[in-house]
Amino acid sequence: MPDLDIAFDDRGLVPCVMQDWRTGEVLTLAYMNAEALRKTQETGEIHFWSRSRGELWHKGATSGNTQKVRALRADCDRDAIVALVEPAGPACHTGERTCFFNGEVDTGAPYEVLPRLERTIAARASERPDGSWTAKLLADPALAGAKVEEEAEEVVRAVREESDERVANEAADVIYHLTVLLRTRGLTLADAERVLDERSR
């Protein structure tokens, strides 16, 4: 990893925002000292400095919920870090996916909606509850594929003939059914997003 040339504060610390590499969701805020940053860069897994315990802290070492680093970024003043990570499990000690689960969380920000949809689909794949339309689609990839085709035709027709609201609704149906279809192949939207990223370079 590159030398970030971090401007540590007078306590020798720098705040680090940990963000999900795939979804963009903010997972936690903690602090690094020079040793924690060095260990993070050497091992490829997040290390923090615990201000309360006064010791180095390998995130997930006890719980198994380690955080694999995909990229480290410093801000314009080099006095804050964003760590883009692949979580092996919940980031919060409470068992929540993110530490930021208090406050205005009922309405998801746009970037949170698709990851939440994918987690719901993953839960249906694991639990297969009776009467679940998602579970039915997961068990029948041909049906899921047919629904993608059907909904794609409907969104095209809506763009041609109907209101913006109808277009948005039909587009949502396409995205939902496509996400389920991808899941039947063990793929996620992130796999398609990586292709788009490569094409944009």
# chains A, B, ... in the order shown; residues from 1 in each chain; ligands from 1

call {"tool": "residues_around", "arguments": {"residues": "region 127-129 of chain A", "least_positions_apart": "5", "cutoff": "9 Å", "atoms": "only C-alpha atoms", "output": "list in words"}}
result
Ala122, Thr134, Ala135, Lys136, Leu138 and Ala139 of chain A

call {"tool": "residues_around", "arguments": {"residues": "region 144-157 of chain A", "least_positions_apart": "2", "cutoff": "9 Å", "atoms": "only C-alpha atoms", "output": "ChimeraX atom specification"}}
result
/A:136-142,159-162,166-171,173-178,180-181,184

call {"tool": "closest_residue", "arguments": {"among": "A:Leu182, A:Ala7, A:Ala61, A:Ala192", "to": "Arg78 (chain A)", "atoms": "only C-alpha atoms"}}
result
A:Ala7

call {"tool": "residues_around", "arguments": {"residues": "Lys68 (chain A)", "least_positions_apart": "5", "cutoff": "6 Å", "atoms": "only C-alpha atoms", "output": "PyMOL selection string"}}
result
chain A and resi 44-45+85-86

call {"tool": "select_by_dssp", "arguments": {"residues": "chain A", "states": "helix (DSSP H, G or I)", "output": "number ranges by chain"}}
result
A: 34-43, 110-127, 133-139, 141-161, 164-184, 189-199

call {"tool": "residues_around", "arguments": {"residues": "Gly24 (chain A)", "least_positions_apart": "5", "cutoff": "9 Å", "atoms": "only C-alpha atoms", "output": "PyMOL selection string"}}
result
chain A and resi 19+84+111-112

call {"tool": "write_last_selection", "arguments": {"atoms": "C-alpha atoms", "output": "PDB file, in the first residue's frame"}}
result
ATOM      1  CA  GLN A  19     -16.421   1.856   4.776  1.00  0.00           C
ATOM      2  CA  LEU A  84     -12.407   0.535   2.235  1.00  0.00           C
ATOM      3  CA  TYR A 111     -26.795   3.813  -1.858  1.00  0.00           C
ATOM      4  CA  GLU A 112     -28.070   1.675   1.044  1.00  0.00           C
TER       5      GLU A 112
END

call {"tool": "decode", "arguments": {"residues": "region 57-142 of chain A", "atoms": "C-alpha atoms", "output": "PDB file, in the first residue's frame"}}
result
ATOM      1  CA  TRP A  57      -6.437  -3.606  18.422  1.00  0.00           C
ATOM      2  CA  HIS A  58      -6.695  -6.075  15.516  1.00  0.00           C
ATOM      3  CA  LYS A  59     -10.315  -5.597  14.438  1.00  0.00           C
ATOM      4  CA  GLY A  60     -12.133  -8.945  14.565  1.00  0.00           C
ATOM      5  CA  ALA A  61      -9.242 -10.925  16.016  1.00  0.00           C
ATOM      6  CA  THR A  62     -11.467 -12.298  18.804  1.00  0.00           C
ATOM      7  CA  SER A  63     -14.841 -12.465  17.053  1.00  0.00           C
ATOM      8  CA  GLY A  64     -13.560 -13.565  13.657  1.00  0.00           C
ATOM      9  CA  ASN A  65     -15.182 -10.509  12.067  1.00  0.00           C
ATOM     10  CA  THR A  66     -11.991  -9.255  10.482  1.00  0.00           C
ATOM     11  CA  GLN A  67     -12.004  -6.446   7.940  1.00  0.00           C
ATOM     12  CA  LYS A  68      -9.935  -7.070   4.823  1.00  0.00           C
ATOM     13  CA  VAL A  69      -8.519  -3.837   3.447  1.00  0.00           C
ATOM     14  CA  ARG A  70      -9.090  -3.125  -0.218  1.00  0.00           C
ATOM     15  CA  ALA A  71      -7.878   0.483  -0.201  1.00  0.00           C
ATOM     16  CA  LEU A  72      -6.711   3.218   2.168  1.00  0.00           C
ATOM     17  CA  ARG A  73      -7.378   6.844   1.287  1.00  0.00           C
ATOM     18  CA  ALA A  74      -6.287  10.036   3.022  1.00  0.00           C
ATOM     19  CA  ASP A  75      -8.182  13.315   2.890  1.00  0.00           C
ATOM     20  CA  CYS A  76      -6.847  16.587   1.479  1.00  0.00           C
ATOM     21  CA  ASP A  77      -5.066  17.507   4.724  1.00  0.00           C
ATOM     22  CA  ARG A  78      -3.867  13.950   5.341  1.00  0.00           C
ATOM     23  CA  ASP A  79      -5.329  14.066   8.848  1.00  0.00           C
ATOM     24  CA  ALA A  80      -8.153  11.556   8.288  1.00  0.00           C
ATOM     25  CA  ILE A  81      -8.295   8.137   6.637  1.00  0.00           C
ATOM     26  CA  VAL A  82     -11.002   6.177   4.862  1.00  0.00           C
ATOM     27  CA  ALA A  83     -10.433   2.424   4.873  1.00  0.00           C
ATOM     28  CA  LEU A  84     -12.407   0.535   2.235  1.00  0.00           C
ATOM     29  CA  VAL A  85     -12.885  -2.994   3.531  1.00  0.00           C
ATOM     30  CA  GLU A  86     -14.470  -6.354   2.851  1.00  0.00           C
ATOM     31  CA  PRO A  87     -16.108  -7.326   6.160  1.00  0.00           C
ATOM     32  CA  ALA A  88     -15.975 -10.941   7.264  1.00  0.00           C
ATOM     33  CA  GLY A  89     -18.891 -10.199   9.605  1.00  0.00           C
ATOM     34  CA  PRO A  90     -20.564  -7.424  11.580  1.00  0.00           C
ATOM     35  CA  ALA A  91     -18.397  -4.380  12.196  1.00  0.00           C
ATOM     36  CA  CYS A  92     -20.038  -3.463  15.510  1.00  0.00           C
ATOM     37  CA  HIS A  93     -19.380  -5.197  18.827  1.00  0.00           C
ATOM     38  CA  THR A  94     -23.171  -5.311  19.332  1.00  0.00           C
ATOM     39  CA  GLY A  95     -23.521  -7.668  16.387  1.00  0.00           C
ATOM     40  CA  GLU A  96     -24.984  -4.996  14.117  1.00  0.00           C
ATOM     41  CA  ARG A  97     -23.577  -4.757  10.619  1.00  0.00           C
ATOM     42  CA  THR A  98     -22.583  -1.118  11.187  1.00  0.00           C
ATOM     43  CA  CYS A  99     -21.961   0.899  14.318  1.00  0.00           C
ATOM     44  CA  PHE A 100     -24.218   3.628  12.929  1.00  0.00           C
ATOM     45  CA  PHE A 101     -27.635   2.100  13.662  1.00  0.00           C
ATOM     46  CA  ASN A 102     -29.038   4.839  15.908  1.00  0.00           C
ATOM     47  CA  GLY A 103     -30.991   7.885  14.761  1.00  0.00           C
ATOM     48  CA  GLU A 104     -32.722   8.321  11.413  1.00  0.00           C
ATOM     49  CA  VAL A 105     -32.302   4.862   9.963  1.00  0.00           C
ATOM     50  CA  ASP A 106     -35.821   3.934   8.811  1.00  0.00           C
ATOM     51  CA  THR A 107     -35.434   5.543   5.408  1.00  0.00           C
ATOM     52  CA  GLY A 108     -32.383   4.246   3.596  1.00  0.00           C
ATOM     53  CA  ALA A 109     -30.117   6.545   1.648  1.00  0.00           C
ATOM     54  CA  PRO A 110     -30.137   5.632  -2.057  1.00  0.00           C
ATOM     55  CA  TYR A 111     -26.795   3.813  -1.858  1.00  0.00           C
ATOM     56  CA  GLU A 112     -28.070   1.675   1.044  1.00  0.00           C
ATOM     57  CA  VAL A 113     -31.152   0.310  -0.721  1.00  0.00           C
ATOM     58  CA  LEU A 114     -29.573  -2.247  -3.065  1.00  0.00           C
ATOM     59  CA  PRO A 115     -27.220  -3.728  -0.447  1.00  0.00           C
ATOM     60  CA  ARG A 116     -30.216  -4.135   1.868  1.00  0.00           C
ATOM     61  CA  LEU A 117     -32.143  -5.842  -0.961  1.00  0.00           C
ATOM     62  CA  GLU A 118     -29.238  -8.221  -1.545  1.00  0.00           C
ATOM     63  CA  ARG A 119     -29.067  -9.080   2.161  1.00  0.00           C
ATOM     64  CA  THR A 120     -32.815  -9.836   2.149  1.00  0.00           C
ATOM     65  CA  ILE A 121     -32.408 -12.079  -0.891  1.00  0.00           C
ATOM     66  CA  ALA A 122     -29.459 -13.839   0.774  1.00  0.00           C
ATOM     67  CA  ALA A 123     -31.625 -14.458   3.847  1.00  0.00           C
ATOM     68  CA  ARG A 124     -34.395 -15.937   1.686  1.00  0.00           C
ATOM     69  CA  ALA A 125     -31.834 -18.166  -0.024  1.00  0.00           C
ATOM     70  CA  SER A 126     -30.655 -19.432   3.345  1.00  0.00           C
ATOM     71  CA  GLU A 127     -34.021 -19.798   5.082  1.00  0.00           C
ATOM     72  CA  ARG A 128     -36.366 -20.626   2.140  1.00  0.00           C
ATOM     73  CA  PRO A 129     -39.523 -19.586   4.017  1.00  0.00           C
ATOM     74  CA  ASP A 130     -42.838 -21.018   2.795  1.00  0.00           C
ATOM     75  CA  GLY A 131     -44.834 -18.646   0.631  1.00  0.00           C
ATOM     76  CA  SER A 132     -41.881 -16.426  -0.220  1.00  0.00           C
ATOM     77  CA  TRP A 133     -41.900 -15.227  -3.825  1.00  0.00           C
ATOM     78  CA  THR A 134     -38.164 -14.626  -3.619  1.00  0.00           C
ATOM     79  CA  ALA A 135     -37.552 -18.185  -2.404  1.00  0.00           C
ATOM     80  CA  LYS A 136     -39.688 -19.502  -5.266  1.00  0.00           C
ATOM     81  CA  LEU A 137     -37.641 -17.552  -7.811  1.00  0.00           C
ATOM     82  CA  LEU A 138     -34.377 -18.716  -6.267  1.00  0.00           C
ATOM     83  CA  ALA A 139     -35.501 -22.318  -6.608  1.00  0.00           C
ATOM     84  CA  ASP A 140     -36.431 -21.833 -10.263  1.00  0.00           C
ATOM     85  CA  PRO A 141     -33.832 -19.838 -12.248  1.00  0.00           C
ATOM     86  CA  ALA A 142     -35.858 -20.253 -15.442  1.00  0.00           C
TER      87      ALA A 142
END
